[in-house]
file model_3.txt (compact mmCIF, C-alpha atoms (C1' of nucleotides))
# COMPACT_ATOMS: atom_id res chain seq x y z
CA MET A 1 111.04 116.85 50.26
CA VAL A 2 114.42 118.58 50.03
CA VAL A 3 115.34 118.33 53.67
CA GLY A 4 117.40 120.96 55.43
CA ARG A 5 118.33 123.14 52.53
CA ARG A 6 115.87 126.00 52.72
CA ARG A 7 114.61 127.88 55.70
CA LEU A 8 111.02 127.71 56.80
CA SER A 9 108.94 129.77 54.39
CA ALA A 10 106.17 132.16 55.36
CA GLY A 11 103.70 129.85 53.65
CA GLU A 12 104.88 126.86 55.62
CA LEU A 13 104.63 128.78 58.84
CA ALA A 14 101.13 129.93 57.96
CA VAL A 15 100.02 126.37 57.31
CA TRP A 16 101.53 125.23 60.58
CA ARG A 17 99.66 127.96 62.44
CA ALA A 18 96.45 127.15 60.61
CA LEU A 19 96.88 123.51 61.56
CA VAL A 20 97.30 124.34 65.21
CA ASP A 21 94.50 126.92 65.30
CA THR A 22 92.01 124.81 63.41
CA THR A 23 92.57 121.65 65.41
CA ASP A 24 92.32 123.74 68.58
CA GLU A 25 89.01 125.19 67.51
CA LEU A 26 87.68 121.77 66.54
CA ARG A 27 88.67 120.35 69.88
CA ARG A 28 87.13 123.24 71.71
CA ARG A 29 83.81 122.67 70.03
CA LEU A 30 83.81 118.95 70.61
CA SER A 31 84.69 119.59 74.21
CA VAL A 32 81.78 121.98 74.72
CA GLN A 33 79.42 119.55 73.04
CA LEU A 34 80.67 116.64 75.11
CA ALA A 35 80.20 118.58 78.33
CA GLU A 36 76.68 119.54 77.35
CA ASP A 37 75.68 116.03 76.42
CA SER A 38 77.25 114.14 79.25
CA GLY A 39 79.06 116.40 81.69
CA LEU A 40 82.32 114.75 80.70
CA SER A 41 85.59 116.38 79.74
CA PRO A 42 87.64 115.01 76.85
CA ALA A 43 90.01 113.51 79.39
CA ASP A 44 87.14 111.80 81.20
CA TYR A 45 85.88 110.46 77.91
CA ARG A 46 89.24 109.08 76.94
CA VAL A 47 89.54 107.21 80.22
CA LEU A 48 86.00 105.87 80.08
CA LEU A 49 86.51 104.77 76.49
CA ALA A 50 89.65 102.84 77.34
CA LEU A 51 88.05 101.37 80.43
CA SER A 52 84.85 100.36 78.70
CA GLU A 53 86.93 98.47 76.16
CA ALA A 54 88.84 96.62 78.88
CA ASP A 55 87.98 93.07 79.96
CA GLY A 56 85.28 93.18 82.59
CA LYS A 57 85.26 97.01 82.41
CA ARG A 58 88.27 96.99 84.71
CA SER A 59 92.00 97.33 84.26
CA ARG A 60 95.22 97.68 86.13
CA SER A 61 96.05 101.33 86.23
CA SER A 62 99.42 100.94 84.57
CA ARG A 63 97.96 98.79 81.82
CA LEU A 64 95.34 101.43 81.21
CA ALA A 65 98.01 104.09 81.00
CA GLY A 66 99.86 101.92 78.49
CA VAL A 67 96.81 101.43 76.29
CA MET A 68 96.03 105.12 76.38
CA GLU A 69 99.64 106.16 75.95
CA TRP A 70 99.37 108.43 78.96
CA GLU A 71 101.98 108.93 81.63
CA ARG A 72 101.12 107.17 84.83
CA SER A 73 101.01 110.28 86.90
CA ARG A 74 98.73 111.98 84.45
CA LEU A 75 96.33 109.06 84.65
CA SER A 76 96.60 108.92 88.41
CA HIS A 77 95.60 112.55 88.79
CA GLN A 78 92.79 112.12 86.30
CA LEU A 79 91.53 108.99 88.06
CA GLY A 80 91.59 110.84 91.35
CA ARG A 81 89.30 113.51 89.98
CA MET A 82 87.05 110.96 88.33
CA GLU A 83 86.82 108.84 91.46
CA LYS A 84 85.65 111.86 93.43
CA ARG A 85 82.81 112.23 90.97
CA GLY A 86 81.96 108.54 91.09
CA LEU A 87 82.83 107.77 87.48
CA ILE A 88 85.35 105.10 88.40
CA ARG A 89 86.41 103.23 91.51
CA ARG A 90 89.83 102.02 92.57
CA GLU A 91 90.17 98.57 94.10
CA ASP A 92 93.20 96.78 95.48
CA CYS A 93 94.73 94.29 93.12
CA ALA A 94 94.53 90.64 94.18
CA THR A 95 97.75 89.50 92.51
CA ASP A 96 100.01 92.45 93.22
CA ASN A 97 99.70 94.40 96.44
CA ARG A 98 101.29 97.46 94.90
CA GLY A 99 98.75 97.57 92.14
CA ALA A 100 95.36 99.14 91.80
CA GLU A 101 92.50 98.07 89.63
CA VAL A 102 90.41 100.73 88.03
CA VAL A 103 86.77 99.79 87.75
CA LEU A 104 84.05 101.43 85.70
CA THR A 105 81.09 102.34 87.91
CA GLU A 106 77.46 102.37 86.83
CA ASP A 107 77.52 106.15 86.80
CA GLY A 108 80.65 106.09 84.68
CA ALA A 109 79.13 103.66 82.22
CA ASP A 110 75.96 105.74 82.04
CA ALA A 111 77.82 108.95 81.35
CA PHE A 112 79.88 107.21 78.70
CA ARG A 113 76.79 105.79 77.03
CA ARG A 114 75.18 109.20 77.07
CA ALA A 115 78.29 110.73 75.53
CA THR A 116 79.26 108.34 72.82
CA ALA A 117 76.72 108.76 70.02
CA PRO A 118 76.50 112.57 70.23
CA HIS A 119 80.28 112.72 70.33
CA ALA A 120 80.60 110.70 67.14
CA LYS A 121 77.92 112.88 65.62
CA ALA A 122 79.83 116.02 66.56
CA ILE A 123 83.04 114.70 65.01
CA LYS A 124 81.13 113.98 61.87
CA LYS A 125 79.44 117.34 61.84
CA HIS A 126 82.43 119.53 62.59
CA PHE A 127 85.17 117.51 60.97
CA ALA A 128 84.22 114.68 58.63
CA ASP A 129 81.42 116.56 56.90
CA ALA A 130 83.78 119.41 56.03
CA LEU A 131 85.91 117.30 53.70
CA THR A 132 85.43 115.66 50.33
CA PRO A 133 86.45 112.01 50.00
CA GLU A 134 89.53 113.17 48.11
CA GLN A 135 90.50 115.60 50.84
CA PHE A 136 89.89 112.91 53.35
CA ASP A 137 92.24 110.47 51.66
CA ALA A 138 94.81 113.20 51.25
CA LEU A 139 94.64 114.03 54.95
CA LYS A 140 95.07 110.39 55.88
CA ASP A 141 98.14 110.24 53.69
CA ILE A 142 99.54 113.47 55.12
CA LEU A 143 99.10 112.27 58.69
CA GLN A 144 100.85 109.03 57.87
CA SER A 145 103.76 110.96 56.45
CA LEU A 146 103.94 113.15 59.53
CA GLU A 147 103.81 110.16 61.85
CA ARG A 148 106.51 108.32 59.94
CA HIS A 149 108.63 111.44 59.96
CA LEU A 150 108.22 111.79 63.72
CA GLU A 151 109.13 108.19 64.37
CA ARG A 152 112.33 108.39 62.44
CA MET B 1 80.36 115.96 51.01
CA VAL B 2 77.02 114.29 51.64
CA VAL B 3 76.24 115.97 54.92
CA GLY B 4 74.28 114.30 57.66
CA ARG B 5 73.23 111.15 55.91
CA ARG B 6 75.70 108.58 57.15
CA ARG B 7 77.07 108.09 60.61
CA LEU B 8 80.71 108.65 61.42
CA SER B 9 82.70 105.77 59.97
CA ALA B 10 85.53 103.96 61.71
CA GLY B 11 87.90 105.35 59.13
CA GLU B 12 86.79 108.89 59.76
CA LEU B 13 87.17 108.43 63.48
CA ALA B 14 90.64 107.00 63.00
CA VAL B 15 91.70 109.98 60.92
CA TRP B 16 90.29 112.35 63.51
CA ARG B 17 92.24 110.60 66.24
CA ALA B 18 95.38 110.58 64.12
CA LEU B 19 94.96 114.30 63.53
CA VAL B 20 94.68 115.01 67.23
CA ASP B 21 97.50 112.67 68.24
CA THR B 22 99.91 113.83 65.57
CA THR B 23 99.38 117.52 66.16
CA ASP B 24 99.79 116.90 69.88
CA GLU B 25 103.05 115.13 69.37
CA LEU B 26 104.33 117.83 67.06
CA ARG B 27 103.44 120.50 69.55
CA ARG B 28 105.06 118.57 72.34
CA ARG B 29 108.33 118.39 70.46
CA LEU B 30 108.31 122.02 69.47
CA SER B 31 107.58 122.90 73.05
CA VAL B 32 110.51 120.89 74.38
CA GLN B 33 112.80 122.41 71.77
CA LEU B 34 111.62 125.92 72.54
CA ALA B 35 112.21 125.45 76.24
CA GLU B 36 115.71 124.13 75.61
CA ASP B 37 116.65 126.96 73.29
CA SER B 38 115.16 129.85 75.19
CA GLY B 39 113.46 128.78 78.40
CA LEU B 40 110.16 129.92 76.94
CA SER B 41 106.86 128.07 76.83
CA PRO B 42 104.70 128.18 73.71
CA ALA B 43 102.40 130.60 75.53
CA ASP B 44 105.34 132.87 76.40
CA TYR B 45 106.47 132.76 72.81
CA ARG B 46 103.05 133.68 71.49
CA VAL B 47 102.89 136.72 73.75
CA LEU B 48 106.41 137.84 72.96
CA LEU B 49 105.75 137.43 69.26
CA ALA B 50 102.65 139.58 69.38
CA LEU B 51 104.35 142.13 71.56
CA SER B 52 107.49 142.35 69.44
CA GLU B 53 105.29 143.09 66.45
CA ALA B 54 103.47 145.89 68.27
CA ASP B 55 104.35 149.56 67.80
CA GLY B 56 107.16 150.47 70.17
CA LYS B 57 107.17 146.91 71.52
CA ARG B 58 104.28 147.86 73.74
CA SER B 59 100.53 147.44 73.62
CA ARG B 60 97.38 147.89 75.61
CA SER B 61 96.58 144.62 77.19
CA SER B 62 93.15 144.33 75.65
CA ARG B 63 94.47 145.20 72.21
CA LEU B 64 97.09 142.50 72.61
CA ALA B 65 94.43 140.00 73.56
CA GLY B 66 92.47 140.99 70.48
CA VAL B 67 95.43 140.54 68.14
CA MET B 68 96.24 137.18 69.66
CA GLU B 69 92.61 136.08 69.81
CA TRP B 70 93.00 135.22 73.47
CA GLU B 71 90.52 135.84 76.23
CA ARG B 72 91.49 138.72 78.44
CA SER B 73 91.72 136.69 81.58
CA ARG B 74 93.92 134.13 79.89
CA LEU B 75 96.29 136.85 78.81
CA SER B 76 96.18 138.49 82.21
CA HIS B 77 97.22 135.30 83.98
CA GLN B 78 99.91 134.67 81.41
CA LEU B 79 101.23 138.23 81.72
CA GLY B 80 101.32 137.83 85.48
CA ARG B 81 103.56 134.81 85.18
CA MET B 82 105.73 136.49 82.58
CA GLU B 83 106.07 139.67 84.60
CA LYS B 84 107.34 137.67 87.57
CA ARG B 85 110.09 136.34 85.35
CA GLY B 86 110.91 139.75 83.95
CA LEU B 87 109.89 139.03 80.36
CA ILE B 88 107.40 141.88 80.24
CA ARG B 89 106.44 144.85 82.38
CA ARG B 90 103.05 146.42 83.02
CA GLU B 91 102.75 150.18 83.06
CA ASP B 92 99.78 152.39 83.74
CA CYS B 93 98.11 153.78 80.70
CA ALA B 94 98.31 157.56 80.24
CA THR B 95 95.01 157.98 78.43
CA ASP B 96 92.83 155.59 80.38
CA ASN B 97 93.36 155.05 84.06
CA ARG B 98 91.73 151.63 83.94
CA GLY B 99 94.10 150.45 81.30
CA ALA B 100 97.47 148.80 81.41
CA GLU B 101 100.22 148.88 78.86
CA VAL B 102 102.28 145.79 78.36
CA VAL B 103 105.91 146.49 77.59
CA LEU B 104 108.55 144.14 76.26
CA THR B 105 111.60 144.16 78.53
CA GLU B 106 115.18 143.66 77.40
CA ASP B 107 115.15 140.19 78.89
CA GLY B 108 111.94 139.41 77.05
CA ALA B 109 113.34 140.66 73.77
CA ASP B 110 116.52 138.64 74.33
CA ALA B 111 114.65 135.45 75.04
CA PHE B 112 112.48 135.99 72.00
CA ARG B 113 115.49 136.60 69.78
CA ARG B 114 117.12 133.47 71.13
CA ALA B 115 113.97 131.48 70.44
CA THR B 116 112.88 132.57 67.06
CA ALA B 117 115.32 131.06 64.55
CA PRO B 118 115.58 127.66 66.28
CA HIS B 119 111.80 127.59 66.59
CA ALA B 120 111.34 128.14 62.87
CA LYS B 121 113.97 125.51 62.25
CA ALA B 122 112.12 123.05 64.44
CA ILE B 123 108.85 123.65 62.62
CA LYS B 124 110.65 123.02 59.39
CA LYS B 125 112.36 119.92 60.67
CA HIS B 126 109.42 118.23 62.34
CA PHE B 127 106.60 119.45 60.14
CA ALA B 128 107.44 121.08 56.83
CA ASP B 129 110.20 118.64 55.89
CA ALA B 130 107.82 115.72 56.34
CA LEU B 131 105.60 116.72 53.44
CA THR B 132 105.96 116.87 49.68
CA PRO B 133 104.90 120.08 47.95
CA GLU B 134 101.76 118.30 46.80
CA GLN B 135 100.90 117.17 50.31
CA PHE B 136 101.57 120.63 51.50
CA ASP B 137 99.15 122.19 49.07
CA ALA B 138 96.58 119.56 49.87
CA LEU B 139 96.88 120.30 53.59
CA LYS B 140 96.47 124.00 52.98
CA ASP B 141 93.31 123.28 51.03
CA ILE B 142 92.00 120.91 53.71
CA LEU B 143 92.55 123.44 56.46
CA GLN B 144 90.76 126.10 54.47
CA SER B 145 87.80 123.77 54.06
CA LEU B 146 87.76 123.01 57.77
CA GLU B 147 87.95 126.68 58.69
CA ARG B 148 85.17 127.61 56.30
CA HIS B 149 83.07 124.79 57.65
CA LEU B 150 83.62 125.98 61.21
CA GLU B 151 82.69 129.54 60.38
CA ARG B 152 79.44 128.61 58.82
C1' DG C 1 116.67 85.46 104.11
C1' DT C 2 118.69 89.91 102.95
C1' DG C 3 120.23 93.66 100.34
C1' DT C 4 119.75 95.82 95.90
C1' DC C 5 117.13 97.21 92.23
C1' DA C 6 112.92 97.59 89.45
C1' DT C 7 108.04 98.42 89.23
C1' DT C 8 103.37 100.29 90.70
C1' DA C 9 101.16 103.99 91.92
C1' DT C 10 100.55 108.29 94.21
C1' DT C 11 101.73 113.02 95.55
C1' DG C 12 103.18 117.89 95.32
C1' DA C 13 104.70 121.71 92.65
C1' DT C 14 104.21 124.53 88.83
C1' DA C 15 102.22 126.12 84.51
C1' DC C 16 98.32 126.70 81.83
C1' DA C 17 93.05 127.26 80.19
C1' DT C 18 88.46 128.55 81.32
C1' DC C 19 84.78 130.38 83.88
C1' DA C 20 82.50 133.39 87.05
C1' DA C 21 83.09 137.19 90.03
C1' DT C 22 85.02 141.50 91.13
C1' DC C 23 86.64 146.28 90.97
C1' DA C 24 87.97 150.69 89.41
C1' DG C 25 87.39 154.04 86.18
C1' DA C 26 84.80 155.79 81.98
C1' DT C 27 80.42 156.97 79.79
C1' DT C 28 75.85 158.12 79.28
C1' DG C 29 71.40 159.95 80.00
C1' DA C 30 67.94 162.03 82.96
C1' DT D 1 75.26 166.13 88.85
C1' DC D 2 74.87 161.63 89.72
C1' DA D 3 72.94 157.06 89.17
C1' DA D 4 73.00 153.34 86.07
C1' DT D 5 75.73 151.03 83.05
C1' DC D 6 79.66 149.73 80.34
C1' DT D 7 84.55 148.61 79.80
C1' DG D 8 89.44 147.30 80.94
C1' DA D 9 91.68 144.40 83.57
C1' DT D 10 92.51 141.36 87.37
C1' DT D 11 91.44 137.60 90.57
C1' DG D 12 90.09 133.07 92.40
C1' DA D 13 88.44 128.47 91.62
C1' DT D 14 88.67 124.34 89.19
C1' DG D 15 90.42 121.09 85.90
C1' DT D 16 94.28 119.69 83.41
C1' DA D 17 99.45 118.44 81.95
C1' DT D 18 104.17 117.65 83.26
C1' DC D 19 107.99 116.88 86.17
C1' DA D 20 110.38 115.32 90.17
C1' DA D 21 110.06 112.95 94.42
C1' DT D 22 108.21 109.47 97.29
C1' DA D 23 106.32 105.11 99.31
C1' DA D 24 105.42 100.47 99.03
C1' DT D 25 105.93 96.10 97.18
C1' DG D 26 107.96 92.70 94.11
C1' DA D 27 111.88 90.23 92.03
C1' DC D 28 116.33 88.59 91.92
C1' DA D 29 121.16 87.56 93.05
C1' DC D 30 123.78 85.91 96.56

call {"tool": "encode", "arguments": {"input": "model_3.txt", "output": "structure tokens"}}
result
Amino acid sequence: MVVGRRRLSAGELAVWRALVDTTDELRRRLSVQLAEDSGLSPADYRVLLALSEADGKRSRSSRLAGVMEWERSRLSHQLGRMEKRGLIRREDCATDNRGAEVVLTEDGADAFRRATAPHAKAIKKHFADALTPEQFDALKDILQSLERHLER
Amino acid sequence: MVVGRRRLSAGELAVWRALVDTTDELRRRLSVQLAEDSGLSPADYRVLLALSEADGKRSRSSRLAGVMEWERSRLSHQLGRMEKRGLIRREDCATDNRGAEVVLTEDGADAFRRATAPHAKAIKKHFADALTPEQFDALKDILQSLERHLER
DNA sequence: GTGTCATTATTGATACATCAATCAGATTGA
DNA sequence: TCAATCTGATTGATGTATCAATAATGACAC
């Protein structure tokens, strides 16, 4: 690993750029597909996923933000947009008058259902199908290394 | 590679999510670092990089967009913001009255100079230093596979 | 109980990405 | 020539991310 001795090489820079560009392009395609299939944005999908996994399809807003690892204000803005479109509803919290409960609406659940299988299919098609099992394991290992390195 | 037979597995999904999350986090850190060192955003940096590589540190706007693989309107908005801050200037084009030439200003060149070495250092620190040479080669190979798969 | 502080959640400002619409100037073909 | 069309570039609208500021309530020490 030889940390800190050399400078960044041209090859390293190229791989970094390829990583950014390729993940961008993958995301762009999944995003287009998702919108076509369900009218949802990736952000919508993320929220609906977290919410549909919550007890009773409802969650305190701050708990939801915690689960999703989103900043509260980011979630609040996103929820505002989603509420306008009827994907979620905000209710007052019984146990804490400051709090809000986010509730999945029927429309939200429908859109999520419509999205989920095609989305998985698209991830498989554009991403998983591109790699051999060996490449796949290698990528897993690489990402673990990167994560550990970031946490340090 | 066994395309299209199975459905997306939980493991594949997890790796996809890890890929997205980890690249996001890396970008976030580089972005923070860049802003600290130079006051530039990643988008600013990208434009200044392309422009500083252009002949005479100037370029037709549409040519610049082509080199960067950005949509014209994206670049136009970005240039508008950068012009307000004095990082670039727009001049009328001599040979085509529709056209605009984008010119790197002294301030823009300064900011770019200030940014470039620390930025490379940050990529090395957060990304390149995390991987062994073997992992590095494997990642290069993986990205090539993904790109080829996307182009198909 | 009251004052202080922490927590919940929202809001506003700014930057950015994408899309559709626009506009001026260039080009082409009758 | 001049009408139709193409091209270079900008603009406005909408959705999104981040940051700082705010409002309201809760919790706790006293």

call {"tool": "axis_aligned_box", "arguments": {"input": "model_3.txt", "around": "segment 97-100 of chain A", "padding_each_side": "5 Å", "output": "AutoDock Vina command-line options"}}
result
--center_x 98.3 --center_y 96.8 --center_z 94.1 --size_x 15.9 --size_y 14.7 --size_z 14.6

call {"tool": "atom_distance", "arguments": {"input": "model_3.txt", "atom1": "atom C1' of DG15 of chain D", "atom2": "atom CA of Leu26 of chain A"}}
result
19.6 Å

call {"tool": "closest_residue", "arguments": {"input": "model_3.txt", "among": "C:DT22, C:DT28, C:DT4, C:DT14", "to": "DT10 of chain D", "atoms": "all atoms listed in the file"}}
result
C:DT22

call {"tool": "closest_residue", "arguments": {"input": "model_3.txt", "among": "C:DT2, C:DG29, C:DA24, C:DA17", "to": "chain A", "atoms": "all atoms listed in the file"}}
result
C:DA17

call {"tool": "atom_distance", "arguments": {"input": "model_3.txt", "atom1": "atom C1' of DA20 of chain C", "atom2": "atom CA of Glu83 of chain B"}}
result
24.5 Å

call {"tool": "interface_residues", "arguments": {"input": "model_3.txt", "of": "chain D", "to": "chain A", "cutoff": "12 Å", "atoms": "all atoms listed in the file", "output": "ChimeraX atom specification"}}
result
/D:14-20,23-26

call {"tool": "interface_residues", "arguments": {"input": "model_3.txt", "of": "chain A", "to": "chain B", "cutoff": "9 Å", "atoms": "only C-alpha atoms", "output": "PDB file with C-alpha atoms, in the frame of the given file"}}
result
ATOM      1  CA  MET A   1     111.040 116.850  50.260  1.00  0.00           C
ATOM      2  CA  VAL A   2     114.420 118.580  50.030  1.00  0.00           C
ATOM      3  CA  VAL A   3     115.340 118.330  53.670  1.00  0.00           C
ATOM      4  CA  GLY A   4     117.400 120.960  55.430  1.00  0.00           C
ATOM      5  CA  ARG A   6     115.870 126.000  52.720  1.00  0.00           C
ATOM      6  CA  ARG A   7     114.610 127.880  55.700  1.00  0.00           C
ATOM      7  CA  LEU A   8     111.020 127.710  56.800  1.00  0.00           C
ATOM      8  CA  SER A   9     108.940 129.770  54.390  1.00  0.00           C
ATOM      9  CA  GLU A  12     104.880 126.860  55.620  1.00  0.00           C
ATOM     10  CA  LEU A  13     104.630 128.780  58.840  1.00  0.00           C
ATOM     11  CA  VAL A  15     100.020 126.370  57.310  1.00  0.00           C
ATOM     12  CA  TRP A  16     101.530 125.230  60.580  1.00  0.00           C
ATOM     13  CA  ALA A  18      96.450 127.150  60.610  1.00  0.00           C
ATOM     14  CA  LEU A  19      96.880 123.510  61.560  1.00  0.00           C
ATOM     15  CA  VAL A  20      97.300 124.340  65.210  1.00  0.00           C
ATOM     16  CA  THR A  22      92.010 124.810  63.410  1.00  0.00           C
ATOM     17  CA  THR A  23      92.570 121.650  65.410  1.00  0.00           C
ATOM     18  CA  GLU A  25      89.010 125.190  67.510  1.00  0.00           C
ATOM     19  CA  LEU A  26      87.680 121.770  66.540  1.00  0.00           C
ATOM     20  CA  ARG A  27      88.670 120.350  69.880  1.00  0.00           C
ATOM     21  CA  ALA A 120      80.600 110.700  67.140  1.00  0.00           C
ATOM     22  CA  LYS A 121      77.920 112.880  65.620  1.00  0.00           C
ATOM     23  CA  ILE A 123      83.040 114.700  65.010  1.00  0.00           C
ATOM     24  CA  LYS A 124      81.130 113.980  61.870  1.00  0.00           C
ATOM     25  CA  LYS A 125      79.440 117.340  61.840  1.00  0.00           C
ATOM     26  CA  HIS A 126      82.430 119.530  62.590  1.00  0.00           C
ATOM     27  CA  PHE A 127      85.170 117.510  60.970  1.00  0.00           C
ATOM     28  CA  ALA A 128      84.220 114.680  58.630  1.00  0.00           C
ATOM     29  CA  ASP A 129      81.420 116.560  56.900  1.00  0.00           C
ATOM     30  CA  ALA A 130      83.780 119.410  56.030  1.00  0.00           C
ATOM     31  CA  LEU A 131      85.910 117.300  53.700  1.00  0.00           C
ATOM     32  CA  THR A 132      85.430 115.660  50.330  1.00  0.00           C
ATOM     33  CA  PRO A 133      86.450 112.010  50.000  1.00  0.00           C
ATOM     34  CA  GLN A 135      90.500 115.600  50.840  1.00  0.00           C
ATOM     35  CA  PHE A 136      89.890 112.910  53.350  1.00  0.00           C
ATOM     36  CA  ALA A 138      94.810 113.200  51.250  1.00  0.00           C
ATOM     37  CA  LEU A 139      94.640 114.030  54.950  1.00  0.00           C
ATOM     38  CA  LYS A 140      95.070 110.390  55.880  1.00  0.00           C
ATOM     39  CA  ASP A 141      98.140 110.240  53.690  1.00  0.00           C
ATOM     40  CA  ILE A 142      99.540 113.470  55.120  1.00  0.00           C
ATOM     41  CA  LEU A 143      99.100 112.270  58.690  1.00  0.00           C
ATOM     42  CA  GLN A 144     100.850 109.030  57.870  1.00  0.00           C
ATOM     43  CA  SER A 145     103.760 110.960  56.450  1.00  0.00           C
ATOM     44  CA  LEU A 146     103.940 113.150  59.530  1.00  0.00           C
ATOM     45  CA  GLU A 147     103.810 110.160  61.850  1.00  0.00           C
ATOM     46  CA  ARG A 148     106.510 108.320  59.940  1.00  0.00           C
ATOM     47  CA  HIS A 149     108.630 111.440  59.960  1.00  0.00           C
ATOM     48  CA  LEU A 150     108.220 111.790  63.720  1.00  0.00           C
TER      49      LEU A 150
END

call {"tool": "interface_residues", "arguments": {"input": "model_3.txt", "of": "chain C", "to": "chain A", "cutoff": "10 Å", "atoms": "all atoms listed in the file", "output": "PDB file with C-alpha atoms (C1' of nucleotides), in the coordinates of the input"}}
result
ATOM      1  C1'  DT C   7     108.040  98.420  89.230  1.00  0.00           C
ATOM      2  C1'  DT C   8     103.370 100.290  90.700  1.00  0.00           C
ATOM      3  C1'  DA C   9     101.160 103.990  91.920  1.00  0.00           C
ATOM      4  C1'  DT C  10     100.550 108.290  94.210  1.00  0.00           C
ATOM      5  C1'  DT C  11     101.730 113.020  95.550  1.00  0.00           C
TER       6       DT C  11
END

call {"tool": "atom_distance", "arguments": {"input": "model_3.txt", "atom1": "atom CA of Ala50 of chain A", "atom2": "atom CA of Val67 of chain A"}}
result
7.4 Å

call {"tool": "closest_residue", "arguments": {"input": "model_3.txt", "among": "A:Arg89, A:Glu36, A:Leu49, A:Pro42", "to": "Thr105 of chain A", "atoms": "all atoms listed in the file"}}
result
A:Arg89

call {"tool": "residues_around", "arguments": {"input": "model_3.txt", "residues": "DA21 of chain C", "least_positions_apart": "6", "cutoff": "12 Å", "atoms": "only C-alpha atoms (C1' of nucleotides)", "output": "ChimeraX atom specification"}}
result
/D:10-13
